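J.: Below is one structure. I have some questions about it.
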Amino acid sequence: MRRLNIQPLNVGKNVVGIDVHLKKLKLLMNTELNEAIYNAISHQYESSSFLRNIKERSKSDILQLQQELLHGILKGKFFRISNIDEGTIMIKRCLSSNRVLVVFDDVDELKQLEYLAEEKDWFASKSTIIITSRDKQVLAQYGANISYKVPKLNKEEAVELFSLWAFNQNLPKEVYKNLSYSIVDYANGLPLALKVLGASLFGKKLSEWESALCKLKKIPHMEIHNVLKISFNGLDDTEQGIFLDIACFFKGNDKYFVSRILGPYAEHGITTLEDRCLITISKNMLDMHDLIQQMGWEIIRQECPRDPGKRSRLWDSDAYDVLTRNMGTRAIEGLFLDKCKFNPSQLTAECFRQMNRLRLLKIHNTHREPFLEDSLPRGFEFSSCELTYLHWDGYSLESLPMKFHAKNLVELSLRDSNIKRLWSGDKLHDKLKVIDLSYSIHLIEIPNFSSVPNLESLTLEG
């Protein structure tokens, strides 16, 4: 049988770690791969085709994609098709009669393959279909036999890749060694980041490297940010909100805890984020790559770069500044702050008054110190009716504010507090599931259980 003299694809320079993935490919025929792997195995097939950027091109370029696919599987012969339906019929006939390798690059919806290879049954026996996608659900829906997620580069590979782009050699120059390792640690095995950062620092002075590293700790490199943000842009509004909540507040937390706090859409949203490879779940704990988390932080910063009080989510120094300077606005949906980093006596009665859309509030104390007498002013109020999560370690008042709105509250944690009673009367709080008043030694009254009919956990330890 005549073999096609295949023209190799240009994979660019400085490809590191590809041999490892090639070895895995010999065991896993359906894998997420790049052009180097295509070059390595395409000679094993009668014909092959690599269709790039399916996501974008399928919006307006279906006929051209069909033409390219036919050109590949017909061994370079030119075959003109006049419309999409004709192309679909021809592709189905050609795929069924040849043992082929076809790569569909960057597919994010199954319908994008409708006129190219709608079903696996179109392919002859021992053909190989490789789909690269940011969404694991696409592979599952198509019926992929085996999926393969390319792992991060290890430290040795990461140093080599960065050095090739920054110095045109396999190891850092001695004078740049410490800074190079800091940047490699920042990239955390992500090839895109190592390549972009290495190239951007090539030929730069030591002082410029130091300045760049300082900036990276606050603001990501925009080329990296924009590529990582592609998956975020493909989410709907609810899924984007869940992603930002996890990136800003809940990385490293239990999936069921986060789902409970974020509401009825959260479990499905978290599954979608995992399918899109924006988060990982291990032993039920949510995690994400450091640079994906920083991408989320940057999305929040860009909401209002010069005024953190007009951003939707605040933490650490920005949260401190907004609270202590009374800069809060109705834009704020979540605020988390370590109590060790500020003194609650700096707060005024009005500091939360403008935050009438606040959903998530956590003032936590890593060292679990008890409340400070009179650290919060009298007349202190929460104005938000949207609060679903309130966690305040060492809360110093004897009860929640008179006008406290708890109709949407799901979890209330006032550990080590000065609380004596939560609220007066028997208001119905039918969404409240968790109350933690542990080590609140002055507590004299707990809520009437008829007012919290869906309560699942009440902690009074200590």
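Residues in the structure tokens are numbered from 1 in each chain, the chains being A, B, ... in the order shown, and ligands are numbered from 1 in the order shown.
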Compile the contact shell of Phe79 in chain A as a list in words: residues with an atom at most 10 Å away, counting only C-alpha atoms, same-chain residues fewer than 6 positions apart removed.

T.: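 Counting only the stated atoms, we get Gln67, Glu68, Leu70, His71, Gly87 and Met90 of chain A.
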
J.: Create the file for the chosen residues now, containing N, CA and C atoms and written as a PDB file, in the first residue's frame.

T.:
ATOM      1  N   GLN A  67     -12.615  21.185   3.376  1.00  0.00           N
ATOM      2  CA  GLN A  67     -11.656  21.093   2.276  1.00  0.00           C
ATOM      3  C   GLN A  67     -10.293  20.644   2.795  1.00  0.00           C
ATOM      4  N   GLU A  68      -9.857  21.197   3.926  1.00  0.00           N
ATOM      5  CA  GLU A  68      -8.561  20.825   4.509  1.00  0.00           C
ATOM      6  C   GLU A  68      -8.555  19.360   4.957  1.00  0.00           C
ATOM      7  N   LEU A  70     -10.418  16.876   3.781  1.00  0.00           N
ATOM      8  CA  LEU A  70     -10.384  16.024   2.590  1.00  0.00           C
ATOM      9  C   LEU A  70      -9.008  16.040   1.926  1.00  0.00           C
ATOM     10  N   HIS A  71      -8.370  17.201   1.888  1.00  0.00           N
ATOM     11  CA  HIS A  71      -7.028  17.322   1.303  1.00  0.00           C
ATOM     12  C   HIS A  71      -6.046  16.387   2.019  1.00  0.00           C
ATOM     13  N   GLY A  87     -19.798  18.218   1.275  1.00  0.00           N
ATOM     14  CA  GLY A  87     -18.554  17.932   1.977  1.00  0.00           C
ATOM     15  C   GLY A  87     -18.729  16.884   3.050  1.00  0.00           C
ATOM     16  N   MET A  90     -18.942  13.412   1.458  1.00  0.00           N
ATOM     17  CA  MET A  90     -17.635  12.993   0.952  1.00  0.00           C
ATOM     18  C   MET A  90     -16.700  12.602   2.100  1.00  0.00           C
TER      19      MET A  90
END

J.: Produce a table with one row for each residue of range 45-162 of chain A that has an atom at most 12 Å from any atom of range 211-230 of chain A, each row naming the nearest atom pair and its distance in Å at one decimal; use only C-alpha atoms; arrange rows by chain and rising residue number; format as a Markdown table.

T.:
| residue | atom | partner | partner_atom | distance |
| --- | --- | --- | --- | --- |
| A:Lys55 | CA | A:Ile230 | CA | 11.2 |
| A:Glu56 | CA | A:Ile230 | CA | 11.7 |
| A:Asp106 | CA | A:Ile230 | CA | 11.2 |
| A:Asp108 | CA | A:Ile230 | CA | 10.8 |
| A:Ser133 | CA | A:Ile230 | CA | 11.8 |
| A:Arg134 | CA | A:Ile230 | CA | 9.3 |
| A:Asp135 | CA | A:Ile230 | CA | 11.6 |

J.: For the residues in that selection, give me N, CA, C and O atoms as a compact mmCIF listing (two decimals), in the first residue's frame.

T.:
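Once written, part_36.txt looks like this:
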# COMPACT_ATOMS: atom_id res chain seq x y z
N LYS A 55 -12.52 25.80 17.28
CA LYS A 55 -13.47 26.65 18.02
C LYS A 55 -13.80 27.93 17.25
O LYS A 55 -14.98 28.27 17.07
N GLU A 56 -12.79 28.63 16.80
CA GLU A 56 -13.02 29.91 16.11
C GLU A 56 -13.44 29.71 14.66
O GLU A 56 -14.36 30.36 14.17
N ASP A 106 -8.50 22.28 19.55
CA ASP A 106 -9.25 23.34 20.25
C ASP A 106 -10.75 23.28 19.93
O ASP A 106 -11.31 24.18 19.32
N ASP A 108 -14.43 23.18 21.71
CA ASP A 108 -15.06 23.41 23.02
C ASP A 108 -16.56 23.09 23.03
O ASP A 108 -17.20 23.20 24.07
N SER A 133 -8.98 19.76 23.70
CA SER A 133 -10.08 20.58 24.22
C SER A 133 -9.77 21.05 25.62
O SER A 133 -9.06 20.38 26.38
N ARG A 134 -10.32 22.21 25.95
CA ARG A 134 -10.25 22.70 27.33
C ARG A 134 -11.38 22.15 28.18
O ARG A 134 -11.46 22.43 29.36
N ASP A 135 -12.28 21.39 27.57
CA ASP A 135 -13.48 20.91 28.26
C ASP A 135 -13.51 19.38 28.21
O ASP A 135 -13.73 18.78 27.15

J.: May I have all residues of range 202-348 of chain A that DSSP, computed from the backbone, assigns to alpha helix (DSSP H), given as a PyMOL selection string?

T.: chain A and resi 206-216+222-233+237-245+255-262+266-275+290-301+316-324

J.: Extract, using only C-alpha atoms, all DNA, RNA and protein residues at most 10 Å from range 421-436 of chain A, discarding same-chain residues fewer than 4 positions from it, and format them as a tab-separated table (two decimals) with C-alpha atoms, in the first residue's frame.

T.:
chain	number	residue	atom	x	y	z
A	260	ARG	CA	-23.66	24.81	50.50
A	261	ILE	CA	-22.47	28.40	50.83
A	388	THR	CA	-25.44	33.90	52.96
A	389	TYR	CA	-22.20	33.35	54.90
A	390	LEU	CA	-21.14	35.20	58.05
A	391	HIS	CA	-18.00	34.06	59.84
A	397	LEU	CA	-21.00	42.43	70.64
A	398	GLU	CA	-23.53	40.57	72.79
A	399	SER	CA	-25.94	39.96	69.92
A	400	LEU	CA	-26.24	40.46	66.21
A	401	PRO	CA	-27.40	43.97	65.20
A	402	MET	CA	-31.09	44.76	65.70
A	403	LYS	CA	-31.65	45.20	61.95
A	404	PHE	CA	-29.58	42.17	60.96
A	405	HIS	CA	-31.03	40.57	57.80
A	406	ALA	CA	-30.73	36.78	57.93
A	407	LYS	CA	-33.36	35.60	55.47
A	408	ASN	CA	-30.67	34.26	53.07
A	409	LEU	CA	-28.15	33.19	55.72
A	410	VAL	CA	-26.90	29.60	55.23
A	411	GLU	CA	-23.98	29.46	57.65
A	412	LEU	CA	-23.24	31.52	60.77
A	413	SER	CA	-19.94	31.11	62.63
A	414	LEU	CA	-19.17	33.29	65.66
A	415	ARG	CA	-16.41	31.34	67.38
A	416	ASP	CA	-14.68	32.74	70.48
A	440	SER	CA	-18.51	31.68	73.17
A	442	HIS	CA	-20.99	34.17	77.66
A	443	LEU	CA	-23.73	32.48	75.65
A	444	ILE	CA	-26.95	32.25	77.68
A	445	GLU	CA	-29.58	31.55	75.00
A	446	ILE	CA	-29.70	29.56	71.78
A	447	PRO	CA	-32.25	30.06	68.98
A	448	ASN	CA	-35.63	28.38	69.19
A	449	PHE	CA	-35.30	25.43	66.84
A	450	SER	CA	-38.68	26.18	65.29
A	451	SER	CA	-37.10	29.35	63.87
A	452	VAL	CA	-34.36	27.33	62.10
A	453	PRO	CA	-36.26	24.33	60.66
A	454	ASN	CA	-33.48	23.29	58.27
A	455	LEU	CA	-30.61	23.49	60.76
A	456	GLU	CA	-28.16	20.61	60.19
A	457	SER	CA	-25.35	21.49	62.60
A	458	LEU	CA	-25.17	23.42	65.88
A	459	THR	CA	-21.76	23.65	67.56
A	460	LEU	CA	-21.57	24.81	71.18
A	461	GLU	CA	-18.22	23.29	72.09

J.: In Å to one decimal, how far is CA of Tyr186 in chain A from CA of Gly203 in chain A?

T.: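 CA of Gly203 in chain A sits 20.2 Å away from CA of Tyr186 in chain A.
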